[in-house]
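Novice: Structure file data.txt (compact mmCIF, C-alpha atoms) is given on the next line.
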# COMPACT_ATOMS: atom_id res chain seq x y z
CA MET Z 1 0.00 0.00 0.00
CA LYS Z 2 1.54 3.31 -1.08
CA ARG Z 3 2.14 6.06 1.44
CA GLN Z 4 -0.31 8.93 1.55
CA ILE Z 5 1.06 12.37 0.64
CA ALA Z 6 1.13 14.67 3.67
CA ILE Z 7 -0.51 18.01 2.87
CA GLY Z 8 -0.39 21.27 4.83
CA VAL Z 9 -2.76 24.17 4.12
CA LEU Z 10 -1.43 27.65 4.86
CA GLY Z 11 -4.24 30.19 5.22
CA CYS Z 12 -7.67 29.39 6.65
CA GLY Z 13 -9.77 32.32 5.52
CA TYR Z 14 -12.43 31.92 2.81
CA TRP Z 15 -10.72 29.48 0.42
CA GLY Z 16 -8.48 27.54 2.82
CA PRO Z 17 -11.26 25.46 4.45
CA LEU Z 18 -12.53 24.49 0.97
CA LEU Z 19 -9.07 23.21 0.11
CA VAL Z 20 -8.84 21.30 3.39
CA ARG Z 21 -12.19 19.62 2.69
CA ASN Z 22 -11.24 18.62 -0.84
CA PHE Z 23 -7.77 17.31 -0.03
CA GLU Z 24 -9.20 15.42 2.97
CA GLY Z 25 -11.62 13.69 0.62
CA LEU Z 26 -8.87 12.28 -1.62
CA PRO Z 27 -7.60 8.75 -0.88
CA ASP Z 28 -3.96 9.37 -1.88
CA CYS Z 29 -3.29 12.19 0.57
CA ARG Z 30 -4.12 13.46 4.03
CA VAL Z 31 -4.16 16.95 5.49
CA LYS Z 32 -1.63 16.79 8.32
CA ALA Z 33 -1.60 20.45 9.43
CA VAL Z 34 -3.18 23.85 8.86
CA CYS Z 35 -1.67 27.25 9.63
CA ASP Z 36 -3.26 30.63 10.23
CA MET Z 37 -2.72 33.70 12.42
CA SER Z 38 -6.28 33.42 13.74
CA GLU Z 39 -6.69 31.05 16.67
CA ALA Z 40 -10.46 31.07 16.17
CA ARG Z 41 -10.17 29.85 12.57
CA LEU Z 42 -7.73 27.14 13.57
CA LYS Z 43 -9.99 25.98 16.40
CA HIS Z 44 -12.94 25.71 14.02
CA LEU Z 45 -11.01 23.63 11.45
CA VAL Z 46 -9.42 21.36 14.06
CA THR Z 47 -12.89 20.74 15.46
CA LEU Z 48 -14.12 19.73 12.01
CA TYR Z 49 -11.02 17.61 11.32
CA PRO Z 50 -9.69 16.23 14.64
CA GLY Z 51 -6.69 14.57 13.03
CA VAL Z 52 -5.36 17.86 11.68
CA LYS Z 53 -2.83 19.91 13.65
CA GLY Z 54 -3.39 23.68 13.94
CA MET Z 55 -0.41 26.05 13.94
CA THR Z 56 0.23 29.81 13.91
CA ASP Z 57 3.96 29.86 13.00
CA PRO Z 58 4.48 29.53 9.20
CA GLN Z 59 8.17 28.69 9.54
CA GLN Z 60 7.55 25.84 11.95
CA PHE Z 61 4.62 24.74 9.80
CA VAL Z 62 6.75 24.49 6.63
CA ASN Z 63 9.86 22.95 8.22
CA GLY Z 64 8.70 21.00 11.26
CA CYS Z 65 5.59 19.03 10.33
CA GLY Z 66 6.93 16.40 7.98
CA LEU Z 67 4.90 17.72 5.06
CA ASP Z 68 5.34 16.57 1.47
CA ALA Z 69 3.37 19.48 -0.02
CA VAL Z 70 2.20 22.92 1.03
CA VAL Z 71 -1.00 24.61 -0.16
CA ILE Z 72 -0.97 28.42 0.04
CA ALA Z 73 -4.32 30.22 0.39
CA THR Z 74 -3.28 33.55 1.89
CA PRO Z 75 -3.63 37.13 0.61
CA VAL Z 76 -1.65 37.65 -2.60
CA GLN Z 77 1.01 39.82 -0.96
CA HIS Z 78 2.24 36.75 0.98
CA HIS Z 79 2.21 34.24 -1.88
CA TYR Z 80 5.79 34.80 -3.01
CA SER Z 81 7.52 34.68 0.39
CA LEU Z 82 5.55 31.66 1.59
CA ALA Z 83 5.90 29.76 -1.69
CA LYS Z 84 9.62 30.45 -1.79
CA ALA Z 85 10.04 29.16 1.77
CA SER Z 86 8.02 26.07 0.89
CA LEU Z 87 9.99 25.28 -2.27
CA LEU Z 88 13.36 25.87 -0.56
CA ALA Z 89 12.24 23.43 2.14
CA GLY Z 90 11.71 20.83 -0.58
CA LYS Z 91 7.91 20.87 -0.57
CA HIS Z 92 5.68 20.56 -3.62
CA THR Z 93 3.68 23.78 -3.69
CA PHE Z 94 0.12 24.64 -4.68
CA ILE Z 95 -0.68 28.39 -4.81
CA GLU Z 96 -4.02 30.13 -5.06
CA LYS Z 97 -4.42 32.59 -7.92
CA PRO Z 98 -2.81 34.92 -8.72
CA MET Z 99 0.54 33.19 -8.33
CA ALA Z 100 2.47 36.21 -6.97
CA SER Z 101 2.61 40.00 -7.08
CA SER Z 102 5.05 40.32 -9.99
CA SER Z 103 6.43 38.38 -12.94
CA GLU Z 104 9.92 38.53 -11.40
CA GLN Z 105 8.64 36.73 -8.32
CA CYS Z 106 6.95 34.09 -10.50
CA GLU Z 107 10.14 33.50 -12.49
CA GLU Z 108 12.12 32.96 -9.29
CA LEU Z 109 9.58 30.46 -7.93
CA ILE Z 110 9.58 28.56 -11.25
CA ASP Z 111 13.39 28.42 -11.20
CA ILE Z 112 13.50 27.07 -7.63
CA ALA Z 113 10.86 24.44 -8.38
CA GLU Z 114 12.63 23.26 -11.55
CA ARG Z 115 16.07 23.12 -9.90
CA ASN Z 116 14.69 21.02 -7.07
CA GLY Z 117 12.41 18.78 -9.13
CA LEU Z 118 9.27 19.98 -7.34
CA VAL Z 119 5.70 20.35 -8.57
CA LEU Z 120 4.58 23.99 -8.65
CA MET Z 121 0.89 24.45 -9.41
CA VAL Z 122 -1.41 27.47 -9.53
CA ASP Z 123 -5.11 27.06 -8.78
CA HIS Z 124 -6.79 28.32 -11.95
CA THR Z 125 -9.85 26.39 -10.80
CA PHE Z 126 -12.14 27.02 -13.76
CA LEU Z 127 -9.91 25.10 -16.16
CA TYR Z 128 -10.88 21.98 -14.21
CA SER Z 129 -14.61 22.68 -14.38
CA ALA Z 130 -16.81 20.47 -16.55
CA PRO Z 131 -18.36 23.37 -18.53
CA VAL Z 132 -14.99 24.84 -19.50
CA ARG Z 133 -13.59 21.43 -20.42
CA LYS Z 134 -16.67 20.87 -22.58
CA ILE Z 135 -16.26 24.26 -24.27
CA VAL Z 136 -12.62 23.49 -25.07
CA GLU Z 137 -13.67 20.13 -26.50
CA ILE Z 138 -16.28 21.81 -28.73
CA VAL Z 139 -13.83 24.49 -29.91
CA GLN Z 140 -11.06 21.98 -30.65
CA ALA Z 141 -13.51 19.83 -32.63
CA GLY Z 142 -14.12 22.84 -34.90
CA ASP Z 143 -17.86 23.01 -34.21
CA LEU Z 144 -17.78 26.80 -33.76
CA GLY Z 145 -15.64 27.46 -36.81
CA ASP Z 146 -13.02 30.16 -36.28
CA ILE Z 147 -13.32 32.11 -33.03
CA ARG Z 148 -14.06 35.78 -33.74
CA TYR Z 149 -14.23 37.16 -30.21
CA ILE Z 150 -14.97 36.30 -26.58
CA ASN Z 151 -16.89 38.55 -24.20
CA SER Z 152 -16.87 37.90 -20.46
CA ARG Z 153 -18.63 39.51 -17.49
CA ARG Z 154 -17.79 38.71 -13.86
CA LEU Z 155 -19.75 41.09 -11.67
CA ASN Z 156 -21.01 41.21 -8.08
CA LEU Z 157 -21.35 43.46 -5.00
CA GLY Z 158 -18.06 42.96 -3.10
CA LEU Z 159 -16.05 41.21 -1.72
CA PHE Z 160 -13.70 44.21 -1.63
CA GLN Z 161 -10.02 43.25 -1.40
CA LYS Z 162 -7.42 45.28 0.44
CA ASP Z 163 -4.26 44.34 -1.45
CA ILE Z 164 -5.40 43.90 -5.08
CA ASN Z 165 -7.90 45.62 -7.38
CA VAL Z 166 -10.88 43.97 -9.04
CA ALA Z 167 -8.91 43.07 -12.17
CA TRP Z 168 -6.37 41.08 -10.14
CA ASP Z 169 -9.16 39.53 -8.06
CA LEU Z 170 -11.81 38.51 -10.62
CA ALA Z 171 -10.27 38.72 -14.10
CA PRO Z 172 -7.78 35.82 -13.63
CA HIS Z 173 -10.68 33.36 -13.89
CA ASP Z 174 -11.71 34.76 -17.27
CA ILE Z 175 -8.15 35.24 -18.52
CA SER Z 176 -7.25 31.62 -17.76
CA ILE Z 177 -10.35 30.37 -19.61
CA ILE Z 178 -9.74 32.65 -22.62
CA LEU Z 179 -6.06 31.66 -22.95
CA HIS Z 180 -7.03 28.00 -22.67
CA ILE Z 181 -9.72 28.29 -25.34
CA LEU Z 182 -7.65 30.32 -27.81
CA GLY Z 183 -4.39 28.51 -27.10
CA GLU Z 184 -2.20 31.58 -27.56
CA PHE Z 185 -0.88 34.65 -25.77
CA PRO Z 186 -2.30 38.13 -26.52
CA THR Z 187 -0.37 40.68 -28.55
CA ALA Z 188 -1.72 43.75 -26.73
CA ILE Z 189 -3.86 44.76 -23.76
CA ASN Z 190 -6.01 47.78 -22.94
CA CYS Z 191 -7.50 48.33 -19.51
CA GLN Z 192 -9.74 51.09 -18.17
CA GLY Z 193 -11.22 51.38 -14.71
CA ASN Z 194 -12.07 53.52 -11.72
CA ALA Z 195 -11.81 53.39 -7.93
CA HIS Z 196 -15.13 54.47 -6.42
CA VAL Z 197 -14.95 53.12 -2.86
CA THR Z 198 -11.28 52.74 -1.88
CA PRO Z 199 -8.78 55.29 -3.27
CA GLN Z 200 -6.26 53.85 -5.75
CA MET Z 201 -8.01 50.45 -5.67
CA GLU Z 202 -10.08 50.01 -8.84
CA ASP Z 203 -13.42 48.33 -8.20
CA VAL Z 204 -14.58 48.40 -11.85
CA THR Z 205 -12.38 47.51 -14.84
CA ASN Z 206 -12.73 46.68 -18.52
CA ILE Z 207 -9.90 44.71 -20.14
CA SER Z 208 -9.50 44.19 -23.88
CA LEU Z 209 -7.08 41.51 -25.09
CA SER Z 210 -5.94 41.54 -28.72
CA PHE Z 211 -4.83 38.26 -30.30
CA PRO Z 212 -3.38 37.28 -33.68
CA HIS Z 213 -5.73 36.62 -36.63
CA LYS Z 214 -8.03 39.56 -35.78
CA ARG Z 215 -9.35 37.91 -32.62
CA PHE Z 216 -9.96 39.71 -29.35
CA ALA Z 217 -11.56 39.26 -25.95
CA THR Z 218 -13.15 41.67 -23.49
CA ILE Z 219 -13.44 41.18 -19.74
CA GLN Z 220 -15.67 43.30 -17.51
CA SER Z 221 -15.02 42.99 -13.76
CA SER Z 222 -16.86 44.77 -10.95
CA TRP Z 223 -17.39 44.75 -7.19
CA LEU Z 224 -20.22 47.29 -7.54
CA GLU Z 225 -22.98 45.42 -9.37
CA PRO Z 226 -26.35 44.76 -7.71
CA ARG Z 227 -26.56 41.34 -9.39
CA LYS Z 228 -24.02 38.55 -9.43
CA ILE Z 229 -23.16 37.71 -13.04
CA ARG Z 230 -20.77 35.03 -14.33
CA GLU Z 231 -21.25 34.92 -18.09
CA MET Z 232 -19.06 34.34 -21.12
CA THR Z 233 -20.02 34.47 -24.81
CA ILE Z 234 -17.82 32.81 -27.45
CA VAL Z 235 -18.62 33.90 -31.00
CA GLY Z 236 -17.47 31.71 -33.88
CA THR Z 237 -17.94 31.87 -37.63
CA ARG Z 238 -20.35 28.89 -37.55
CA ARG Z 239 -21.84 28.73 -34.06
CA MET Z 240 -21.78 30.57 -30.75
CA ILE Z 241 -21.68 29.51 -27.08
CA VAL Z 242 -23.15 31.24 -24.04
CA TYR Z 243 -21.68 29.98 -20.77
CA ASP Z 244 -23.56 31.01 -17.60
CA ASP Z 245 -21.76 29.60 -14.60
CA LEU Z 246 -24.50 30.63 -12.15
CA ARG Z 247 -27.07 28.31 -13.66
CA THR Z 248 -27.52 25.13 -11.65
CA ARG Z 249 -28.09 23.19 -14.85
CA GLU Z 250 -27.71 24.02 -18.51
CA LYS Z 251 -24.58 26.11 -17.96
CA ILE Z 252 -23.72 25.92 -21.68
CA ARG Z 253 -26.05 26.69 -24.56
CA ILE Z 254 -24.86 26.42 -28.17
CA TYR Z 255 -26.54 28.64 -30.77
CA ASP Z 256 -26.52 27.57 -34.40
CA VAL Z 257 -26.58 31.17 -35.65
CA ARG Z 258 -24.23 33.18 -37.80
CA VAL Z 259 -24.05 36.01 -40.30
CA GLU Z 260 -22.27 35.77 -43.65
CA ARG Z 261 -21.35 38.37 -46.22
CA PRO Z 262 -21.86 37.38 -49.88
CA PRO Z 263 -18.49 37.10 -51.64
CA HIS Z 264 -19.62 38.80 -54.88
CA TYR Z 265 -22.27 41.30 -55.83
CA ASP Z 266 -22.67 43.68 -58.80
CA THR Z 267 -24.93 46.37 -57.42
CA PHE Z 268 -25.81 47.71 -54.00
CA ALA Z 269 -29.36 46.43 -54.48
CA GLU Z 270 -28.01 42.88 -54.76
CA PHE Z 271 -25.96 43.18 -51.60
CA GLN Z 272 -27.42 41.86 -48.38
CA TYR Z 273 -26.06 39.99 -45.41
CA SER Z 274 -27.08 36.37 -45.03
CA TYR Z 275 -28.39 35.59 -41.55
CA HIS Z 276 -28.63 31.97 -40.46
CA TYR Z 277 -30.98 31.23 -37.56
CA GLY Z 278 -30.77 27.61 -36.49
CA ASP Z 279 -31.65 25.78 -33.32
CA SER Z 280 -29.97 26.12 -29.96
CA TYR Z 281 -29.09 23.08 -27.91
CA ILE Z 282 -27.66 22.22 -24.50
CA PRO Z 283 -24.87 19.62 -24.36
CA HIS Z 284 -24.88 17.11 -21.52
CA ILE Z 285 -22.29 17.83 -18.86
CA GLN Z 286 -21.28 15.49 -16.05
CA GLN Z 287 -20.89 17.86 -13.11
CA GLU Z 288 -17.94 17.46 -10.74
CA GLU Z 289 -16.51 19.92 -8.24
CA PRO Z 290 -13.69 21.76 -10.07
CA LEU Z 291 -11.63 22.34 -6.92
CA LYS Z 292 -11.69 18.62 -6.14
CA LEU Z 293 -10.38 17.86 -9.64
CA ALA Z 294 -7.67 20.52 -9.25
CA CYS Z 295 -6.58 19.02 -5.92
CA GLN Z 296 -6.53 15.53 -7.42
CA HIS Z 297 -4.48 16.80 -10.36
CA PHE Z 298 -1.90 18.24 -7.94
CA ILE Z 299 -1.58 14.88 -6.18
CA ASP Z 300 -1.37 13.03 -9.51
CA CYS Z 301 1.43 15.33 -10.68
CA ILE Z 302 3.39 14.69 -7.48
CA GLU Z 303 3.00 10.92 -7.83
CA THR Z 304 3.95 10.87 -11.53
CA ASN Z 305 6.52 13.71 -11.40
CA SER Z 306 4.69 15.53 -14.22
CA GLN Z 307 3.88 19.16 -15.01
CA PRO Z 308 0.41 20.44 -14.05
CA VAL Z 309 -1.99 21.85 -16.63
CA THR Z 310 -1.88 25.06 -14.58
CA GLY Z 311 1.76 25.08 -13.58
CA GLY Z 312 4.18 27.89 -12.84
CA ARG Z 313 4.50 28.90 -16.51
CA GLN Z 314 0.77 29.41 -16.80
CA GLY Z 315 0.82 31.37 -13.54
CA LEU Z 316 3.59 33.57 -14.94
CA GLU Z 317 1.61 34.26 -18.14
CA MET Z 318 -1.33 35.36 -16.01
CA ILE Z 319 0.79 37.80 -13.99
CA ARG Z 320 2.31 39.30 -17.14
CA ILE Z 321 -1.16 40.00 -18.45
CA LEU Z 322 -2.28 41.52 -15.13
CA GLU Z 323 0.86 43.67 -14.98
CA ALA Z 324 0.14 44.92 -18.50
CA ALA Z 325 -3.44 45.69 -17.49
CA SER Z 326 -2.15 47.69 -14.51
CA ALA Z 327 0.25 49.60 -16.76
CA SER Z 328 -2.58 50.38 -19.18
CA LEU Z 329 -4.75 51.60 -16.29
CA LYS Z 330 -2.05 54.09 -15.32
CA MET Z 331 -1.98 55.35 -18.93
CA ASN Z 332 -5.76 55.88 -19.01
CA GLY Z 333 -6.38 52.81 -21.14
CA ALA Z 334 -3.55 53.17 -23.65
CA PRO Z 335 -2.50 49.81 -25.13
CA VAL Z 336 0.42 47.81 -23.79
CA THR Z 337 1.97 45.44 -26.33
CA PHE Z 338 3.86 42.20 -25.86
CA SER Z 339 7.09 41.23 -27.54
CA GLY Z 340 7.76 37.71 -28.74
CA SER Z 341 8.86 36.77 -25.21
CA SER Z 342 5.48 37.98 -23.88
CA GLU Z 343 7.17 40.86 -22.04
CA ALA Z 344 4.92 43.90 -21.84
CA THR Z 345 6.00 47.24 -23.33
CA PRO Z 346 3.97 50.46 -23.71
CA ALA Z 347 3.19 51.18 -27.33
CA SER Z 348 4.73 54.20 -29.06
CA SER Z 349 2.42 57.10 -29.83
CA ALA Z 350 2.09 56.17 -33.51
CA VAL Z 351 1.48 52.51 -32.76
CA LYS Z 352 -0.90 53.45 -29.95
CA ALA Z 353 -3.13 55.38 -32.33
CA LYS Z 354 -3.28 52.46 -34.78
CA GLN Z 355 -3.98 49.93 -32.05
CA ILE Z 356 -6.67 52.06 -30.43
CA LEU Z 357 -8.39 52.44 -33.80
CA LYS Z 358 -8.02 48.74 -34.45
CA ILE Z 359 -9.56 47.77 -31.11
CA GLU Z 360 -12.38 50.29 -31.57
CA ALA Z 361 -13.07 48.76 -34.99
CA PHE Z 362 -13.26 45.31 -33.40
CA ALA Z 363 -15.63 46.56 -30.71
CA GLY Z 364 -17.85 48.17 -33.32
I need this file expressed as structure tokens, please.
Specialist:
Amino acid sequence: MKRQIAIGVLGCGYWGPLLVRNFEGLPDCRVKAVCDMSEARLKHLVTLYPGVKGMTDPQQFVNGCGLDAVVIATPVQHHYSLAKASLLAGKHTFIEKPMASSSEQCEELIDIAERNGLVLMVDHTFLYSAPVRKIVEIVQAGDLGDIRYINSRRLNLGLFQKDINVAWDLAPHDISIILHILGEFPTAINCQGNAHVTPQMEDVTNISLSFPHKRFATIQSSWLEPRKIREMTIVGTRRMIVYDDLRTREKIRIYDVRVERPPHYDTFAEFQYSYHYGDSYIPHIQQEEPLKLACQHFIDCIETNSQPVTGGRQGLEMIRILEAASASLKMNGAPVTFSGSSEATPASSAVKAKQILKIEAFAG
């Protein structure tokens, strides 16, 4: 009988207890310890899971508990220091999104993990969800045709964060899905937003991602909406998908609709767009808890010494996009372009004007 992997969860706020529950439910691992500054939170978790040890000292937690892997679910500002300590102590490391506060921090964590042969995984949970996996399957099968654009809205009232703005808090979910669907990195980013409640902390943002082949994606994020909305529309040349994550059932609906422009016409009177209105249908989806699948994937990667689907490289890509969005915010929405190495650089004035016009043309 193989030995169970000893897991420690660092951070017992909102997401930490969910991670404890999911790892505890897996047969190939056991949660050995949890760590948090709050004695009350620790007491509650230890009451729920009597075999788990509660600790308040992160250093002792990482080095003195005989852990094989550490799960980090703390505020973002602590991700880098805690993950670095974990990796240097020889622990496989699972980090909540976003991976760190800067791309430089991400690169250092990736380097440490690779040098020490450790699994480094970032929890981009939605990539493990059944609806997103189904969407990717449909796109890869070519059922939608060529993707024209993706529009995403992730809106609600709160929860206001103290260390990151709404783009860093909510947009990573949408960015990870969009990158996974399109399978490529954006060429440029625009981001506009405002801080209405907390100074210098944007609570409403709009991000536009430009991709090769005239494709783009828009992401609206807000902590100020009266209704909770989690919706994404994927528009293809043949069909379109609406993904509503808040629906209990029927999260995905496929629309057999499209518009085509006739290739040849002699007079304006002969010209007209061809609209195709077909049926809509709902594909069957076998629902499973995404976080449970993400936790299982982390354990599987440790046991097989393989790279996660959402590893350090994917976490680094996410941070580069968020950094570019922050840079664009400071320039009142001016585009930030990426070089071939996906490093962000502000566009020159001439290029800016062309890109702004190009993005406006897409939006129109």
Novice: Would you mind reading off the distance between CA of His124 (chain Z) and CA of Ser176 (chain Z), one decimal, in Å?
Specialist: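 Between these atoms lies a distance of 6.7 Å.
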Novice: Distance table requested - region 81-136 of chain Z against region 159-170 of chain Z, cut-off 12 Å, all atoms listed in the file: one row per qualifying residue with the closest atom pair and its distance in Å to one decimal, ordered by chain and rising residue number, as JSON lines.
Specialist:
{"residue": "Z:Glu96", "atom": "CA", "partner": "Z:Asp169", "partner_atom": "CA", "distance": 11.1}
{"residue": "Z:Lys97", "atom": "CA", "partner": "Z:Asp169", "partner_atom": "CA", "distance": 8.4}
{"residue": "Z:Pro98", "atom": "CA", "partner": "Z:Trp168", "partner_atom": "CA", "distance": 7.3}
{"residue": "Z:Met99", "atom": "CA", "partner": "Z:Trp168", "partner_atom": "CA", "distance": 10.6}
{"residue": "Z:Ala100", "atom": "CA", "partner": "Z:Trp168", "partner_atom": "CA", "distance": 10.6}
{"residue": "Z:Ser101", "atom": "CA", "partner": "Z:Ile164", "partner_atom": "CA", "distance": 9.1}
{"residue": "Z:Ser102", "atom": "CA", "partner": "Z:Trp168", "partner_atom": "CA", "distance": 11.4}
{"residue": "Z:His124", "atom": "CA", "partner": "Z:Leu170", "partner_atom": "CA", "distance": 11.4}
{"residue": "Z:Phe126", "atom": "CA", "partner": "Z:Leu170", "partner_atom": "CA", "distance": 11.9}
Novice: To one decimal place in Å, what is the distance between CA of Arg230 (chain Z) and CA of Val136 (chain Z)?
Specialist: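 Interatomic distance here is 17.7 Å.
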Novice: What does the distance between CA of Ala69 (chain Z) and CA of Ala85 (chain Z) come to in Å, to one decimal place?
Specialist: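 Computing it gives 11.9 Å between the two atoms.
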Novice: Name the closest residue to Gly311 (chain Z) among the candidates Z:Cys35, Z:Ala294, Z:Leu88, Z:Ile252; distances are taken between atoms, counting only C-alpha atoms.
Specialist: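 Ranking Z:Cys35, Z:Ala294, Z:Leu88, Z:Ile252 by distance to Gly311 (chain Z), first place goes to Z:Ala294.
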Novice: Choose the residue, out of Z:Cys295, Z:Ala73, Z:Ile285, Z:Leu118, that has the smallest atom-to-atom separation from Arg30 (chain Z); count all atoms listed in the file.
Specialist: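 Closest candidate: Z:Cys295.
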Novice: May I ask which of the residues Z:Val235, Z:Phe94, Z:Asn190, Z:Gln287 is the closest one to Val70 (chain Z), counting all atoms listed in the file?
Specialist: Z:Phe94
Novice: Quick one: of Z:Asp279, Z:Ser152, Z:Asp244, Z:Glu250, who's nearest to Ile219 (chain Z), counting all atoms listed in the file?
Specialist: Z:Ser152
Novice: Nearest to His173 (chain Z): which of Z:Glu39, Z:Glu231, Z:Glu323, Z:Glu24 is it, counting only C-alpha atoms?
Specialist: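 Ranked by minimum distance to His173 (chain Z), first place goes to Z:Glu231.
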Novice: What's the 10 Å shell around Lys330 (chain Z), counting all atoms listed in the file, without same-chain residues fewer than 4 positions away, as an MDAnalysis selection string?
Specialist: chainID Z and resid 191:193 324:326 334
Novice: I want to know what sits within 12 Å of Arg115 (chain Z), based on only C-alpha atoms, with residues of the same chain fewer than 6 positions away left out; could you give that as a PyMOL selection string?
Specialist: chain Z and resi 87-88+90+108-109
Novice: Please, could you write that set of residues out with C-alpha atoms as a short mmCIF file (atom, residue, chain, number, x, y, z; two decimals), in the frame of the given file?
Specialist:
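That gives us part.cif:
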data_model
loop_
_atom_site.label_atom_id
_atom_site.label_comp_id
_atom_site.auth_asym_id
_atom_site.auth_seq_id
_atom_site.Cartn_x
_atom_site.Cartn_y
_atom_site.Cartn_z
CA LEU Z 87 9.99 25.28 -2.27
CA LEU Z 88 13.36 25.87 -0.56
CA GLY Z 90 11.71 20.83 -0.58
CA GLU Z 108 12.12 32.96 -9.29
CA LEU Z 109 9.58 30.46 -7.93
#
Novice: For Pro335 (chain Z), which residue out of Z:Ile5, Z:Leu157, Z:Ala188, Z:Leu10 is the nearest one, using only C-alpha atoms?
Specialist: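 Of all the options, Z:Ala188 lies closest to Pro335 (chain Z).
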Novice: Need the shell around Ile229 (chain Z): protein/DNA/RNA residues with any atom at most 9 Å away, counting all atoms listed in the file. Skip same-chain ones fewer than 5 positions apart. Format as a ChimeraX atom specification?
Specialist: /Z:153-156,244-246
Novice: Pick out the residues sitting within 10 Å of Ser38 (chain Z), and hand them over as a PyMOL selection string; count all atoms listed in the file, and ignore anything fewer than 4 positions along from it in its own chain.
Specialist: chain Z and resi 11-13+42-43+55-56
Novice: Find the residues near Ala113 (chain Z): any atom within 12 Å, counting only C-alpha atoms, skip ones fewer than 6 places away on the same chain, and give them as a short mmCIF file (atom, residue, chain, number, x, y, z; two decimals) with C-alpha atoms, in the coordinates of the input.
Specialist:
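The result, written out as out15.cif:
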data_model
loop_
_atom_site.label_atom_id
_atom_site.label_comp_id
_atom_site.auth_asym_id
_atom_site.auth_seq_id
_atom_site.Cartn_x
_atom_site.Cartn_y
_atom_site.Cartn_z
CA ALA Z 83 5.90 29.76 -1.69
CA LYS Z 84 9.62 30.45 -1.79
CA ALA Z 85 10.04 29.16 1.77
CA SER Z 86 8.02 26.07 0.89
CA LEU Z 87 9.99 25.28 -2.27
CA LEU Z 88 13.36 25.87 -0.56
CA ALA Z 89 12.24 23.43 2.14
CA GLY Z 90 11.71 20.83 -0.58
CA LYS Z 91 7.91 20.87 -0.57
CA HIS Z 92 5.68 20.56 -3.62
CA THR Z 93 3.68 23.78 -3.69
CA PHE Z 94 0.12 24.64 -4.68
CA CYS Z 106 6.95 34.09 -10.50
CA GLU Z 107 10.14 33.50 -12.49
CA VAL Z 119 5.70 20.35 -8.57
CA LEU Z 120 4.58 23.99 -8.65
CA MET Z 121 0.89 24.45 -9.41
CA ASN Z 305 6.52 13.71 -11.40
CA GLN Z 307 3.88 19.16 -15.01
CA GLY Z 311 1.76 25.08 -13.58
CA GLY Z 312 4.18 27.89 -12.84
CA ARG Z 313 4.50 28.90 -16.51
#
